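The structure under discussion appears below in the form of structure tokens.
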Amino acid sequence: MMTMLSRLPVKEVCAVLRLKRLLDRSLTAQAALVFLLGLGTTALLRRDEHPAVWVFQSALYTGVAVAVLAVQRRRAARAVGTDADGLADLNRKIRHHEVPQDPQKQAAMRQLIAQQLGQMEGAGTWLPYWLGAMCLIAVGVFVLGAVSGSLAFPLLFALGTVALCSWVLWMRRRSLDRLRQMRQTLRQQ
């Protein structure tokens, strides 16, 4: 991302970083983004319906997503012993491989890393089944499209599913490596 940002003028880079920081810390900003993405997706997929239906469905998707995110944040913040801003700050420090100087924050970071590693390793047992199910669905849609004579959407759906599964695996491996490296760094402190 930094190579892409280095090509932009300073003013645009600052705006992108402010937006990234806002999305990292603000549940309201995340809700607005989910609403707009849901609205655009619903409008693309259901062109023949009234725009009020688009807005209602997008609001419903946003409500569910924000509720799940708020519960996850509250649970993680409570487990670590900090608030939502402290949790976002610790996550940012983990992403940037920064070790806090304060021993209390180091202890909180250790707890957060242990919690995230436990969740990711626990979810890893079911990940092959979820990815396999997604690939089976993509193959099924592709076969149905081939039988019906329309290959454009099924091929696009299959390629999108493969890309999504590859991205999930890459992000999971990257996050696990980052968390394990930070755990090792904190042990050496």
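For the structure tokens, the naming scheme is as follows: chains receive sequential letters (A, B, ...) according to their order of presentation, residues are indexed from 1 within each chain, and ligands are indexed from 1 in presentation order.
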Where does range 54-87 of chain A meet range 18-25 of chain A within 10 Å, residue by residue, with the nearest atom pair and distance in Å to one decimal for each, counting only C-alpha atoms, listed by chain and rising number, as CSV?
residue,atom,partner,partner_atom,distance
A:Ala84,CA,A:Arg25,CA,7.6
A:Asp85,CA,A:Arg25,CA,6.4
A:Gly86,CA,A:Arg25,CA,9.5
A:Leu87,CA,A:Arg25,CA,9.0
Keeping only N, CA and C atoms, take the residues you just selected and write them out as an mmCIF file, in the first residue's frame.
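Wrote it out as result36.cif, contents follow:
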data_model
loop_
_atom_site.group_PDB
_atom_site.id
_atom_site.type_symbol
_atom_site.label_atom_id
_atom_site.label_comp_id
_atom_site.auth_asym_id
_atom_site.auth_seq_id
_atom_site.Cartn_x
_atom_site.Cartn_y
_atom_site.Cartn_z
ATOM 1 N N ALA A 84 -12.498 0.641 23.432
ATOM 2 C CA ALA A 84 -12.440 0.433 21.977
ATOM 3 C C ALA A 84 -11.273 1.183 21.343
ATOM 4 N N ASP A 85 -10.994 2.412 21.815
ATOM 5 C CA ASP A 85 -9.870 3.169 21.257
ATOM 6 C C ASP A 85 -8.537 2.507 21.597
ATOM 7 N N GLY A 86 -8.418 2.012 22.820
ATOM 8 C CA GLY A 86 -7.200 1.309 23.220
ATOM 9 C C GLY A 86 -6.998 0.038 22.415
ATOM 10 N N LEU A 87 -8.107 -0.651 22.142
ATOM 11 C CA LEU A 87 -8.044 -1.862 21.330
ATOM 12 C C LEU A 87 -7.597 -1.541 19.904
#
Quiz item: If you count only C-alpha atoms, which residues fall within 10 Å of range 109-117 of chain A, apart from same-chain ones fewer than 5 positions away, as an NGL selection string?
Solution: :A and (76-77 or 79-81 or 87 or 89-91 or 93-94 or 99-100 or 103-104 or 122-123 or 175-180 or 182-183 or 186-187)
Let's have the selection written as a short mmCIF file (atom, residue, chain, number, x, y, z; two decimals), in the first residue's frame, with N, CA and C atoms.
data_model
loop_
_atom_site.label_atom_id
_atom_site.label_comp_id
_atom_site.auth_asym_id
_atom_site.auth_seq_id
_atom_site.Cartn_x
_atom_site.Cartn_y
_atom_site.Cartn_z
N ALA A 76 -13.64 -8.33 22.91
CA ALA A 76 -12.17 -8.25 22.83
C ALA A 76 -11.63 -7.18 23.78
N ALA A 77 -12.29 -6.03 23.86
CA ALA A 77 -11.83 -4.97 24.75
C ALA A 77 -11.94 -5.40 26.21
N ALA A 79 -11.80 -8.49 27.33
CA ALA A 79 -10.81 -9.52 27.59
C ALA A 79 -9.41 -8.94 27.78
N VAL A 80 -9.13 -7.86 27.05
CA VAL A 80 -7.82 -7.24 27.13
C VAL A 80 -7.75 -6.24 28.29
N GLY A 81 -8.89 -5.71 28.69
CA GLY A 81 -8.91 -4.74 29.78
C GLY A 81 -8.71 -3.32 29.32
N LEU A 87 -8.11 -0.65 22.14
CA LEU A 87 -8.04 -1.86 21.33
C LEU A 87 -7.60 -1.54 19.90
N ASP A 89 -5.81 1.01 19.01
CA ASP A 89 -4.42 1.41 19.09
C ASP A 89 -3.50 0.19 19.20
N LEU A 90 -3.89 -0.79 20.01
CA LEU A 90 -3.09 -2.01 20.12
C LEU A 90 -3.04 -2.77 18.80
N ASN A 91 -4.17 -2.86 18.11
CA ASN A 91 -4.19 -3.53 16.81
C ASN A 91 -3.31 -2.81 15.79
N LYS A 93 -0.66 -1.03 16.52
CA LYS A 93 0.73 -1.30 16.89
C LYS A 93 1.15 -2.71 16.48
N ILE A 94 0.24 -3.65 16.56
CA ILE A 94 0.55 -5.01 16.10
C ILE A 94 0.82 -5.01 14.60
N VAL A 99 6.20 -2.16 19.68
CA VAL A 99 6.03 -2.66 21.04
C VAL A 99 5.84 -1.46 21.96
N PRO A 100 4.75 -1.42 22.73
CA PRO A 100 4.54 -0.28 23.64
C PRO A 100 5.58 -0.29 24.76
N PRO A 103 4.50 -1.12 30.56
CA PRO A 103 4.32 -2.55 30.87
C PRO A 103 2.85 -2.99 30.88
N GLN A 104 1.94 -2.11 31.28
CA GLN A 104 0.52 -2.47 31.27
C GLN A 104 0.03 -2.66 29.84
N GLY A 122 -8.24 -21.72 16.27
CA GLY A 122 -9.47 -22.49 16.46
C GLY A 122 -10.34 -22.50 15.21
N ALA A 123 -10.41 -21.37 14.55
CA ALA A 123 -11.20 -21.29 13.32
C ALA A 123 -10.52 -22.02 12.17
N SER A 175 -1.70 -12.72 8.78
CA SER A 175 -2.06 -12.33 10.14
C SER A 175 -1.44 -13.26 11.17
N LEU A 176 -1.46 -14.56 10.90
CA LEU A 176 -0.84 -15.51 11.83
C LEU A 176 0.66 -15.24 11.95
N ASP A 177 1.33 -14.99 10.84
CA ASP A 177 2.77 -14.69 10.89
C ASP A 177 3.03 -13.42 11.70
N ARG A 178 2.22 -12.40 11.47
CA ARG A 178 2.39 -11.13 12.18
C ARG A 178 2.17 -11.33 13.69
N LEU A 179 1.11 -12.05 14.06
CA LEU A 179 0.83 -12.26 15.48
C LEU A 179 1.90 -13.11 16.15
N ARG A 180 2.38 -14.14 15.47
CA ARG A 180 3.43 -14.98 16.05
C ARG A 180 4.74 -14.20 16.21
N MET A 182 4.98 -10.93 16.67
CA MET A 182 4.80 -9.99 17.78
C MET A 182 4.84 -10.72 19.11
N ARG A 183 4.29 -11.92 19.18
CA ARG A 183 4.36 -12.71 20.43
C ARG A 183 5.81 -13.00 20.77
N LEU A 186 7.48 -9.78 22.01
CA LEU A 186 7.07 -9.45 23.37
C LEU A 186 7.72 -10.39 24.39
N ARG A 187 7.96 -11.63 24.02
CA ARG A 187 8.62 -12.56 24.94
C ARG A 187 10.07 -12.13 25.20
#
Practice problem: Give me the residues within 10 Å of Gly40 in chain A as a PyMOL selection string, counting only C-alpha atoms and dropping any in the same chain fewer than 4 places off. | Solution: chain A and resi 34-36+44-46+54-55+58
Practice problem: Can you check which residues of range 46-132 of chain A DSSP gives as helix (DSSP H, G or I) on the backbone and send them as a VMD selection string? | Solution: chain A and resid 51 to 80 84 to 95 103 to 123 127 to 132
Self-check item: Selection near Leu156 in chain A, 12 Å with only C-alpha atoms, sequence-local residues under 5 positions removed, as a list of chain:residue names
Solution: A:Ala138, A:Val139, A:Val141, A:Phe142, A:Gly145, A:Ser150, A:Leu151, A:Thr161, A:Val162, A:Ala163
What does the file look like for those residues with all heavy atoms, as a CSV table (one decimal), in the first residue's frame?
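selection_14.csv, written as the output of this step:
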chain,number,residue,atom,x,y,z
A,138,ALA,N,-19.4,-22.8,-6.1
A,138,ALA,CA,-18.9,-22.1,-7.3
A,138,ALA,C,-19.0,-23.1,-8.5
A,138,ALA,O,-19.4,-22.8,-9.6
A,138,ALA,CB,-17.6,-21.6,-7.1
A,139,VAL,N,-18.5,-24.4,-8.2
A,139,VAL,CA,-18.6,-25.4,-9.3
A,139,VAL,C,-20.0,-25.7,-9.7
A,139,VAL,O,-20.3,-25.9,-10.9
A,139,VAL,CB,-17.8,-26.6,-8.8
A,139,VAL,CG1,-18.1,-27.8,-9.8
A,139,VAL,CG2,-16.3,-26.4,-8.8
A,141,VAL,N,-22.7,-23.7,-9.5
A,141,VAL,CA,-23.2,-22.6,-10.3
A,141,VAL,C,-22.6,-22.6,-11.7
A,141,VAL,O,-23.3,-22.4,-12.7
A,141,VAL,CB,-22.9,-21.2,-9.6
A,141,VAL,CG1,-23.2,-20.1,-10.5
A,141,VAL,CG2,-23.7,-21.1,-8.3
A,142,PHE,N,-21.3,-23.0,-11.8
A,142,PHE,CA,-20.7,-23.1,-13.1
A,142,PHE,C,-21.4,-24.2,-13.9
A,142,PHE,O,-21.7,-24.0,-15.1
A,142,PHE,CB,-19.2,-23.3,-13.0
A,142,PHE,CG,-18.5,-23.3,-14.3
A,142,PHE,CD1,-18.3,-22.1,-15.0
A,142,PHE,CD2,-18.0,-24.5,-14.8
A,142,PHE,CE1,-17.6,-22.1,-16.2
A,142,PHE,CE2,-17.3,-24.5,-16.0
A,142,PHE,CZ,-17.1,-23.3,-16.7
A,145,GLY,N,-24.8,-23.2,-15.0
A,145,GLY,CA,-24.7,-22.2,-16.1
A,145,GLY,C,-24.3,-22.9,-17.4
A,145,GLY,O,-24.9,-22.5,-18.5
A,150,SER,N,-25.7,-20.3,-20.3
A,150,SER,CA,-25.2,-19.0,-20.0
A,150,SER,C,-24.0,-19.1,-19.1
A,150,SER,O,-24.1,-19.6,-18.0
A,150,SER,CB,-26.3,-18.2,-19.2
A,150,SER,OG,-25.8,-17.0,-18.7
A,151,LEU,N,-22.8,-18.8,-19.7
A,151,LEU,CA,-21.6,-19.0,-18.9
A,151,LEU,C,-21.0,-17.7,-18.4
A,151,LEU,O,-20.1,-17.8,-17.6
A,151,LEU,CB,-20.6,-19.7,-19.9
A,151,LEU,CG,-20.7,-21.2,-20.1
A,151,LEU,CD1,-19.7,-21.6,-21.1
A,151,LEU,CD2,-20.6,-21.9,-18.8
A,161,THR,N,-15.1,-16.4,-6.6
A,161,THR,CA,-15.0,-17.3,-5.4
A,161,THR,C,-13.6,-17.8,-5.2
A,161,THR,O,-13.1,-17.8,-4.1
A,161,THR,CB,-16.0,-18.5,-5.6
A,161,THR,OG1,-17.3,-18.0,-5.8
A,161,THR,CG2,-15.9,-19.4,-4.4
A,162,VAL,N,-12.9,-18.1,-6.3
A,162,VAL,CA,-11.5,-18.6,-6.2
A,162,VAL,C,-10.7,-17.4,-5.7
A,162,VAL,O,-9.8,-17.6,-4.8
A,162,VAL,CB,-11.0,-19.1,-7.6
A,162,VAL,CG1,-9.5,-19.3,-7.6
A,162,VAL,CG2,-11.7,-20.4,-7.9
A,163,ALA,N,-10.9,-16.2,-6.2
A,163,ALA,CA,-10.1,-15.1,-5.8
A,163,ALA,C,-10.4,-14.8,-4.3
A,163,ALA,O,-9.5,-14.5,-3.5
A,163,ALA,CB,-10.5,-13.8,-6.6
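With CA of Pro154 in chain A on one side and CA of Gly140 in chain A on the other, the separation reads 8.9 Å.
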Quiz item: Nearest to Leu69 in chain A among A:Ala152, A:Ala31, A:Ala107, A:Leu136, with distances taken over only C-alpha atoms: which residue is it?
Solution: A:Ala31
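Taking CA of Ala65 in chain A and CA of Glu12 in chain A as endpoints, the distance between them is 29.2 Å.
CA of Gln72 in chain A sits 18.6 Å away from CA of Leu60 in chain A.
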